Each structure stands twice: as structure tokens, then as C-alpha cells.
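Visitor: This is the structure, below, for whatever I ask next.
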Number of protein chains: 2
Amino acid sequence: MIGVDEALERIKQHAKPRASQMIRAADALGSVLATDIKSDIDSPPHDKALMDGYAVVASDIKSGVELSILEEVTAGDVPTLPVVSGTATRIMTGAPLPDGADAVVMVERTELVDSDETTVRINADKADLGQNIMPRGESVRTGDVVLLAGRLIRPIEMGVLAECGATEVSTYPKPSVAILSTGNELVAPETRPQAGQIRNSNGPMLEALVQRTGSKAVHLGVGRDERDELERLVRRGLEEDVLVLSGGVSAGVLDLVPEVLAANGVEQVFHKVHLKPGKPVWFGIKKDSRGDRLVFGLPGNPVASLVCFELFVRPALASLAGQAFGSIERSTARLATTHSPYSDRPTYFPARLFELDGQLQVEPLAWKGSADLRTLADANCLALFPPSDSAFAPGDAIEVYLL
Amino acid sequence: MIGVDEALERIKQHAKPRASQMIRAADALGSVLATDIKSDIDSPPHDKALMDGYAVVASDIKSGVELSILEEVTAGDVPTLPVVSGTATRIMTGAPLPDGADAVVMVERTELVDSDETTVRINADKADLGQNIMPRGESVRTGDVVLLAGRLIRPIEMGVLAECGATEVSTYPKPSVAILSTGNELVAPETRPQAGQIRNSNGPMLEALVQRTGSKAVHLGVGRDERDELERLVRRGLEEDVLVLSGGVSAGVLDLVPEVLAANGVEQVFHKVHLKPGKPVWFGIKKDSRGDRLVFGLPGNPVASLVCFELFVRPALASLAGQAFGSIERSTARLATTHSPYSDRPTYFPARLFELDGQLQVEPLAWKGSADLRTLADANCLALFPPSDSAFAPGDAIEVYLL
């Protein structure tokens, strides 16, 4: 049986970004850039006042000097007159500096001499060259690469794209993900279960996990352990970039899923991984000229389903969308308590991560086993306990996966 | 001038959750529950097999014993025959346990004796009572509160809601947020700036920040420093739960915003806060029987705008949506390098947070000042440097705000 790292390596080989496409920058939040972005302007586009005050010739400035006011320039205006020795232009924050001016004296260091505002007195001993001025192009020059290909577009990047005139950008499309829950025992959440039935909780959880990655979740509902119906649903699922099944991958007699997948051109890449919970996880691909379709078969119990989504599906979705594979948010924390359960398999245990004086601490929850979704809801991380033949002690360094 | 904590306290008084409303559970991801959720069923709904194998009477089991096979039960089936001493029912994972059975022997510990599969031989020394069985109601009992009011609905909670039959849930609606950038110098991103103009980068950034909280962003575009137009846009903005303006709150002559707000029934709560950047931030409310409308005036420069959004707007949006006020994700980290800039104001500095052996470290970026959006794009946090009259040293404990 392969380990988690080997499983990830095999998934990675098949999870390549789809062909990039041009989209409106306004729709690009959460996408990854496929090309570098260059600025089409200098930023700022002109020498710019950083304070409200007076644009002056710096060498004029000494305490008590009086200067003739030429005009007033606010942000959005263009100065019409050059500043020469003995003159000043009243200027507002963000406004372009007039020709000839090489410093701005803040308004608080000045007073108007006359009621018709033609002369200003300076109450400052000197002005430094460039004082309160941001020079043209200081932040960005025309042609500068401002964002590199591969960059994830967050709100700040939305601002940078707008600033630099990038109204259309080349990005990797987010994958679409079909979700199919399998099992005769499953009924929809709105149905009251009869004897032997349970509600499908995996489907809604997996759909929400997919939505949270920014990908499109395609709801296929419940597939019963019946060949024709499964085949119809699997075919529909294979129209999407990724098909995620839950249930139907353990050894039960009605576990038709691998057979139906094979009949539809899906090749198995691996089945079973050395971890707990989630051992029966299945992964395969269907070759496609647009990029391989990926198929994940997750175990039917909800906690194993969650663990396998976080470990295996999430990095694949990231990679398809142009992000780094393996971008699960991990951290290392100190175990806060003794943890007695141990196993010869690496075990992902629902836990709470918290911070104490700059030190990350992790405390496993009182989890009743793989179907205990309610306790899982109190978790904010999964703690990874490596194979061991003894209990874990407070202070042990433990790897955690943030939920 | 008030400090950040006092400003937050005043915002909090006015940022109360809106009236709760029933929505479909399928649409509830990211919302906060307004009432407790109780389960309408036991979970599991029956004593359930945790392994594929044979349901047996535990006291029958010793190595080599042979048992008559009564029937086969898979998940979704209902057993039709009770198991009595000397008999066994073949059972699949998740299937309901037959009456009379009190243990499940895993299939790997058994072998079929005859080709017509009527008898099974057990290769195990004993079976413990309840072995490989999850008892009815072990995870949840009918009427149990499974999720408390105030709980944020994540993917796991979506699964719990489905499991427990909660198809409609009472939640707090997410606020709607109008974004209005003000200033004569601003042009839309698709326009090439002429002399004196810059593109509106704040608007797209703020809209993306709002969208990322799950709230609805209403784009009002650019308002020029002209009374009638500002008035029309402000009135439109006040139809939403929150109006966020950027620009127009410093001391410039055309800074009409506070005046236009007052004329439209918005009362100022505070103007200016002791922090850097972002000192000119403005906050007011318009009384409304549906809940006060909140108005934030953010400084026009992008970095100050971001800082003020993270500090002041984000917790308000969380609170309006029923989450805890002040749920900005903060942490404490050790300063990785010497940091020379200091100020008598608390200063929020773009920085990179990283983790080294379970210890959070923070490194300030080479930020060129408040309009330097490009450097900000390299930040994943803001580091809070308290007022100081000397530089900060490596190893100092620094509070960080995650971006």
C-alpha cells in the first residue's frame, strides 16, 4: 500500500493547470495570473503633493518669508503657472506639483497675510528639497512588471491591476467539480430516513468544501449501488474537470464504483493509501486532450471523506487552477496534552489549534471515530500523528492541517 | 484624538446583527445560525456495522466454530431474520445490525466452508460484546442540540445540518456594502489617465475585500468633489447596510463628504483616530428602524484604506452578520529583523509572516509609504508597531493582522 506522499506525487502528475483564458479583471478575484502584468503608466503619474500646503522653491524658505500665491491646485487639477522664487501655489494632497516647485510646506506651518488670500507667510526655518513630494514613478514605472505570472489575485492585487490599467487578464480557469454520493442507504437531507437509511451528509459537506476553494460544484445527488444509474451519473460527472465520489470504494459486494469507472475509460492510478481514516481512497484519471479528468473515490464515512478531501482533492484543485500543488495550509504546533491513541498508520485527528504567547498549541478533541461529524464540527484543524507504538507527550511537535 | 480601541468600541455599539431570516440550508454556507439546531433523528439511526463481516452472537465465537449464514445485509437494507446462537448474518459496513447479534467479526477473520455459501468458519479466538458495532444514537440523539446559535456554518456544519434534517435554518443576513470612491483626480481603471489624474484602485480593492467577507458589494464608482453628484451617490449608498467611502476625509478644501453626509441624516460618531496610516478615518451612522446604517470614510490612499478596512470595517461586517465583533484574525509573532521606523502613533506596517519550528516570525517589507500598493501586494499581514521612541529589536513580540 502506498503512503500519503507517494499518493500526492501521483495525483500531482495528472493535475496540470487547464489552458489559460482572458477574463475581465473585475472577475479575477481568487484566480491565478497566467502571464506577467506590466504597468502602462508611471505611478504616481506626476510629482505629487503628499500634504495640503504650499508648493514652493525650497531655497526661498526661511522663517517669516512672504510669498505671492499664484493659484490653487487640487487633486484632479493641472497647475497652469510655474512657481518661481518669491511665489507659491496652494496645493492639496495628491495634486500634481507645478513646474519650478521643489518642496511642499505643510499648511500648518503657514498663515495667510491678507483677507483676499494673495500672500502667504511661512513659519518654518527651512524646506528640504523634495519635502512632502512623491516623485513621478516612485512606486511603479511604465513597463515595470508589477505582478508575476502565478500570482494569486487577492484584493490588494485587484487594486494593483486597476492602478496599472490591466482591465483584461490571462488567468487559469477554476476547475469544475462534480460530487456524487453513492450508497443504497443514502437519502436526501429533506427526506426522513426509513429503517436502514441515513441522510446524505457527505454530499453537502463536499460541495461546500469545493465552493470554498472558489471552484464550481456540480451536484449529482445520490447514486444507488445499481449499475445503470451509476453509469449514467459517472458519465455526467466525467464532463467536469474533476469527479468526486464518496462511498463505494471499500470491499463490499455492491461496491460497483471502480468497475463502472473502468467501463467509462477511467484508469485507476491508486487504490488504498496508508493513512487513518481514509485508507480505501481511490484515484484515477480519464485521458482527455483538454487535460486529464481526475476522479477521486472518497470513503463513505464523513470524517474520512473530509480528511481525504483536504489531503488529496484540495491540492489537486489548487494545481488545476494554477496555484502550487500542495498548498494546503499546514503548520507545526506543540501538543497541549497527552494523546494516548496511536497506530501503525499516520493518523489525522480532529483537533483545536490555538496560540499562546506566540507559540502554536494543538489539543486533540474527544472524537468518537470516523462517523462522528458533530465532534468534528468543533475542530479547526487536523493533527497528524505519525505511526507510533506509544502515546504522544505534551510538548511533542505535531504537524497540523488548518480547516 | 481617540485611539483604535475606543474607535472600535464606538463602532461596535452600532454594528448589531440584522433581523434573522429563514434560508435554505443549501444556501447557508458562511452564514451564522440565529437559533440552536436540534437533530430530528438518532445518528446512527440503528446499531450499525463498522466493518464488512458477519453479525454474530458474541458468546458463540471461538476459533474454528462454524455458523449457518441466514442472509446478507448491505447498507440500505433491513435485516429480516434475528441472529440466534449457531447462526450469522453476512453484513456490510454501515448496514443495520440484525436483532440478536451483539458483535461483528470482520470478514478477514472468516472463511466460507461450502461453495453455496451457507456456512462460515470463524478464525478468531473470541468476540467482544459490541465489537465493530456503532450503537444507535452514539453520535447524536433525537432532540440533541447539535449546533448552537451563533455558530458559523462551515463545510462541516453543512454536513451536520444535512445529517440532522435541518433543511431550513434561521440565520443572520450578510450586510450589503456600497463602495464609493471620491475625488476629481480619479478615473475608472479602463481609462487612460490624463494629466493630474490617477486610476481608481481603491474601489476595486475595497469591493474585493467586501466580497471576500461573503457580503454583497454594491459598486457606486467614482464620485467627483461636486455637491449634487456626491449627494445623489451618498443617498444611493445609504440604501445599503453599510456605505464605505474612500477619499474626501482629509482637510482639503473640496472635502465635501462630511457635509453631504450630515445633510443626509448621517451623524458623525468619530473623525480621526490615533494610528498610522489612516489617521483621517471617519465613522458615522444613520438611524434606521431596520438597524442603523453605518458609514465609513476611509482615507484616499490605498494602504491607509486597506488598514482602516481591516481594523474598522471588517469587524463591523462580521458583527452585522452575527459573528463576534473584532473577529479579525490576529496573532503574535517574533520580529525577525531590526525595524528602525518608529512613531508616536501605533503603526500598521506591511509585513510577511512565516513559521519557523512552530514559532511565528514576522519580517516588515521595504514599504515606500502609504501609496505603495505594489510592495503591499507582497505582504500577507500587517505588523502592529506600538508607539515608541526607539527602534524595534529582533525577537520583540509583535502583534500581527493576517491579510
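By order in the C-alpha cells, chains are A, B, ...; within a chain, residues start at 1; ligands start at 1, following the order shown.
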Using only C-alpha atoms, which protein or nucleic acid residues come within 9 Å of Leu353 (chain B)? Drop anything in the same chain fewer than 3 positions from it, and give the result as number ranges by chain.
Guide: B: 333, 360-364, 379-383, 400, 402
Visitor: Can you list, as an mmCIF file with N, CA and C atoms, in the first residue's frame, every protein, DNA or RNA residue that comes within 7 Å of Ala34 (chain A) when you count only C-alpha atoms, leaving out same-chain residues fewer than 3 positions away?
Guide:
data_model
loop_
_atom_site.group_PDB
_atom_site.id
_atom_site.type_symbol
_atom_site.label_atom_id
_atom_site.label_comp_id
_atom_site.auth_asym_id
_atom_site.auth_seq_id
_atom_site.Cartn_x
_atom_site.Cartn_y
_atom_site.Cartn_z
ATOM 1 N N SER A 20 -5.008 28.615 -20.194
ATOM 2 C CA SER A 20 -5.361 29.932 -19.651
ATOM 3 C C SER A 20 -6.376 30.617 -20.560
ATOM 4 N N ALA A 149 3.453 36.188 -13.309
ATOM 5 C CA ALA A 149 2.626 35.022 -13.619
ATOM 6 C C ALA A 149 2.675 34.063 -12.436
ATOM 7 N N GLY A 150 1.561 33.450 -12.117
ATOM 8 C CA GLY A 150 1.500 32.533 -10.986
ATOM 9 C C GLY A 150 0.977 33.191 -9.728
ATOM 10 N N SER A 170 -4.976 37.395 -18.287
ATOM 11 C CA SER A 170 -4.921 35.975 -18.627
ATOM 12 C C SER A 170 -4.806 35.173 -17.337
ATOM 13 N N THR A 171 -5.778 34.294 -17.088
ATOM 14 C CA THR A 171 -5.791 33.525 -15.842
ATOM 15 C C THR A 171 -6.097 32.064 -16.148
ATOM 16 N N TYR A 172 -5.810 31.219 -15.169
ATOM 17 C CA TYR A 172 -6.192 29.809 -15.282
ATOM 18 C C TYR A 172 -7.623 29.642 -14.776
#
Visitor: What is the CA of Arg199 (chain A)-CA of Ala166 (chain B) distance in Å, reported with one decimal?
Guide: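 About the pair CA of Arg199 (chain A) and CA of Ala166 (chain B): they are 11.0 Å apart.
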Visitor: What's around Val140 (chain A) at 9 Å? Count only C-alpha atoms, leave out sequence neighbours fewer than 3 positions away in its own chain, and write the answer as number ranges by chain.
Guide: A: 39, 41-44, 136-137, 143-146, 164; B: 372, 374
Visitor: According to DSSP computed on the backbone, where in region 186-396 of chain B is there alpha helix (DSSP H)? Give the residues as an MDAnalysis selection string.
Guide: chainID B and resid 202:212 227:237 257:263 302:308 314:320 373:376
Visitor: If you measure from CA of Gly297 (chain A) to CA of Leu209 (chain A), what distance in Å do you get, rounded to one decimal?
Guide: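 Calculated distance between CA of Gly297 (chain A) and CA of Leu209 (chain A) is 15.5 Å.
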Visitor: Where does DSSP see strand (DSSP E) in region 57-287 of chain A, if you list the residues as a PDB file with C-alpha atoms, in the first residue's frame?
Guide:
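Listing of part_39.pdb after writing:
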ATOM      1  CA  GLU A  66       6.172  86.043   2.481  1.00  0.00           C
ATOM      2  CA  LEU A  67       5.292  84.569  -0.915  1.00  0.00           C
ATOM      3  CA  SER A  68       2.729  85.623  -3.562  1.00  0.00           C
ATOM      4  CA  ILE A  69       0.065  82.969  -4.131  1.00  0.00           C
ATOM      5  CA  LEU A  70      -0.208  82.116  -7.840  1.00  0.00           C
ATOM      6  CA  GLU A  71      -3.190  79.768  -7.859  1.00  0.00           C
ATOM      7  CA  GLU A  72      -4.728  76.796  -6.076  1.00  0.00           C
ATOM      8  CA  VAL A  73      -4.340  73.220  -7.351  1.00  0.00           C
ATOM      9  CA  THR A  87       5.854  82.773  -5.359  1.00  0.00           C
ATOM     10  CA  ALA A  88       3.922  79.749  -4.108  1.00  0.00           C
ATOM     11  CA  THR A  89       0.976  77.651  -5.292  1.00  0.00           C
ATOM     12  CA  ARG A  90      -1.591  76.464  -2.773  1.00  0.00           C
ATOM     13  CA  ILE A  91      -1.738  72.666  -3.273  1.00  0.00           C
ATOM     14  CA  ALA A 103       9.176  71.334  -1.939  1.00  0.00           C
ATOM     15  CA  VAL A 104       5.779  71.482  -0.240  1.00  0.00           C
ATOM     16  CA  VAL A 105       5.380  73.357   3.071  1.00  0.00           C
ATOM     17  CA  MET A 106       2.504  71.890   5.059  1.00  0.00           C
ATOM     18  CA  THR A 110       1.818  78.817   7.098  1.00  0.00           C
ATOM     19  CA  GLU A 111      -0.608  81.712   7.577  1.00  0.00           C
ATOM     20  CA  LEU A 112      -2.446  83.933   5.140  1.00  0.00           C
ATOM     21  CA  THR A 119       0.092  86.333   0.110  1.00  0.00           C
ATOM     22  CA  VAL A 120       1.183  83.578   2.480  1.00  0.00           C
ATOM     23  CA  ARG A 121       3.694  83.833   5.355  1.00  0.00           C
ATOM     24  CA  ILE A 122       5.877  80.792   6.041  1.00  0.00           C
ATOM     25  CA  ILE A 133       6.626  65.278  -2.569  1.00  0.00           C
ATOM     26  CA  MET A 134       6.299  61.778  -4.031  1.00  0.00           C
ATOM     27  CA  VAL A 145       6.356  44.062 -14.168  1.00  0.00           C
ATOM     28  CA  VAL A 146       4.066  44.681 -11.211  1.00  0.00           C
ATOM     29  CA  LEU A 147       2.688  41.156 -10.760  1.00  0.00           C
ATOM     30  CA  GLU A 168      -8.351  42.087 -19.023  1.00  0.00           C
ATOM     31  CA  VAL A 169      -6.015  39.460 -17.622  1.00  0.00           C
ATOM     32  CA  SER A 170      -4.921  35.975 -18.627  1.00  0.00           C
ATOM     33  CA  THR A 171      -5.791  33.525 -15.842  1.00  0.00           C
ATOM     34  CA  TYR A 172      -6.192  29.809 -15.282  1.00  0.00           C
ATOM     35  CA  SER A 176     -15.496  22.366 -12.132  1.00  0.00           C
ATOM     36  CA  VAL A 177     -16.098  19.522  -9.711  1.00  0.00           C
ATOM     37  CA  ALA A 178     -18.972  17.033  -9.830  1.00  0.00           C
ATOM     38  CA  ILE A 179     -19.956  15.492  -6.494  1.00  0.00           C
ATOM     39  CA  LEU A 180     -21.644  12.097  -6.402  1.00  0.00           C
ATOM     40  CA  SER A 181     -22.534  10.311  -3.165  1.00  0.00           C
ATOM     41  CA  THR A 182     -23.084   6.593  -3.576  1.00  0.00           C
ATOM     42  CA  LEU A 186     -28.461   7.318   1.458  1.00  0.00           C
ATOM     43  CA  VAL A 187     -31.462   9.628   1.243  1.00  0.00           C
ATOM     44  CA  ILE A 198     -29.240   7.626   6.644  1.00  0.00           C
ATOM     45  CA  ARG A 199     -29.186  11.093   5.193  1.00  0.00           C
ATOM     46  CA  LYS A 216     -17.786  25.309  -9.237  1.00  0.00           C
ATOM     47  CA  ALA A 217     -19.519  22.367  -7.509  1.00  0.00           C
ATOM     48  CA  VAL A 218     -21.884  20.328  -9.679  1.00  0.00           C
ATOM     49  CA  HIS A 219     -24.426  18.461  -7.548  1.00  0.00           C
ATOM     50  CA  LEU A 220     -25.164  14.965  -8.867  1.00  0.00           C
ATOM     51  CA  GLY A 221     -27.066  13.820  -5.771  1.00  0.00           C
ATOM     52  CA  VAL A 222     -27.156  10.199  -4.623  1.00  0.00           C
ATOM     53  CA  GLY A 223     -26.202   7.265  -6.830  1.00  0.00           C
ATOM     54  CA  VAL A 242     -12.991  16.541 -11.540  1.00  0.00           C
ATOM     55  CA  LEU A 243     -15.417  13.868 -10.338  1.00  0.00           C
ATOM     56  CA  VAL A 244     -15.523  13.271  -6.595  1.00  0.00           C
ATOM     57  CA  LEU A 245     -17.395  10.192  -5.421  1.00  0.00           C
ATOM     58  CA  SER A 246     -17.982   9.358  -1.814  1.00  0.00           C
ATOM     59  CA  GLU A 267      -7.814   4.261 -15.396  1.00  0.00           C
ATOM     60  CA  GLN A 268      -7.018   3.512 -11.788  1.00  0.00           C
ATOM     61  CA  VAL A 269      -3.870   5.295 -10.558  1.00  0.00           C
ATOM     62  CA  PHE A 270      -4.050   4.040  -6.993  1.00  0.00           C
ATOM     63  CA  HIS A 271      -6.444   2.378  -4.544  1.00  0.00           C
ATOM     64  CA  TRP A 282      -9.266   5.681  -4.793  1.00  0.00           C
ATOM     65  CA  PHE A 283      -7.777   7.855  -7.529  1.00  0.00           C
ATOM     66  CA  GLY A 284      -7.926   7.537 -11.299  1.00  0.00           C
ATOM     67  CA  ILE A 285      -7.856   9.588 -14.468  1.00  0.00           C
ATOM     68  CA  LYS A 286      -9.584   9.731 -17.802  1.00  0.00           C
TER      69      LYS A 286
END
Visitor: When you look at Gly291 (chain A) with a cut-off of 9 Å (counting only C-alpha atoms), what residues show up, excluding the ones that are within fewer than 2 positions of it in the same chain? I need them as a list in words.
Guide: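 Selected residues are His14, Ala15, Lys16, Pro17, Arg18, Ala19, Asp241, Lys287, Asp288, Ser289 and Arg293 of chain A.
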Visitor: Can you spit out the residues from that selection as a compact mmCIF listing (two decimals), in the first residue's frame, using N, CA and C atoms?
Guide:
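Wrote selection_21.txt, looks like this:
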# COMPACT_ATOMS: atom_id res chain seq x y z
N HIS A 14 -0.91 14.36 -12.64
CA HIS A 14 -2.09 14.47 -13.51
C HIS A 14 -2.86 15.76 -13.32
N ALA A 15 -2.49 16.55 -12.31
CA ALA A 15 -3.26 17.77 -12.01
C ALA A 15 -2.53 18.98 -12.56
N LYS A 16 -2.61 19.16 -13.87
CA LYS A 16 -1.95 20.29 -14.52
C LYS A 16 -2.97 21.40 -14.76
N PRO A 17 -2.52 22.66 -14.71
CA PRO A 17 -3.46 23.76 -14.98
C PRO A 17 -4.10 23.61 -16.35
N ARG A 18 -5.37 23.96 -16.44
CA ARG A 18 -6.06 23.99 -17.73
C ARG A 18 -5.55 25.16 -18.55
N ALA A 19 -5.86 25.20 -19.84
CA ALA A 19 -5.43 26.29 -20.72
C ALA A 19 -5.90 27.63 -20.16
N ASP A 241 -14.18 18.81 -14.85
CA ASP A 241 -12.73 18.61 -14.70
C ASP A 241 -12.42 17.53 -13.68
N LYS A 287 -8.07 10.11 -19.64
CA LYS A 287 -7.25 10.94 -20.54
C LYS A 287 -8.18 11.81 -21.38
N ASP A 288 -7.75 13.03 -21.59
CA ASP A 288 -8.59 13.97 -22.33
C ASP A 288 -7.67 15.02 -22.91
N SER A 289 -7.89 15.38 -24.18
CA SER A 289 -6.98 16.33 -24.84
C SER A 289 -7.05 17.70 -24.17
N ARG A 293 -9.15 14.32 -17.02
CA ARG A 293 -10.21 14.40 -16.00
C ARG A 293 -9.71 13.62 -14.77
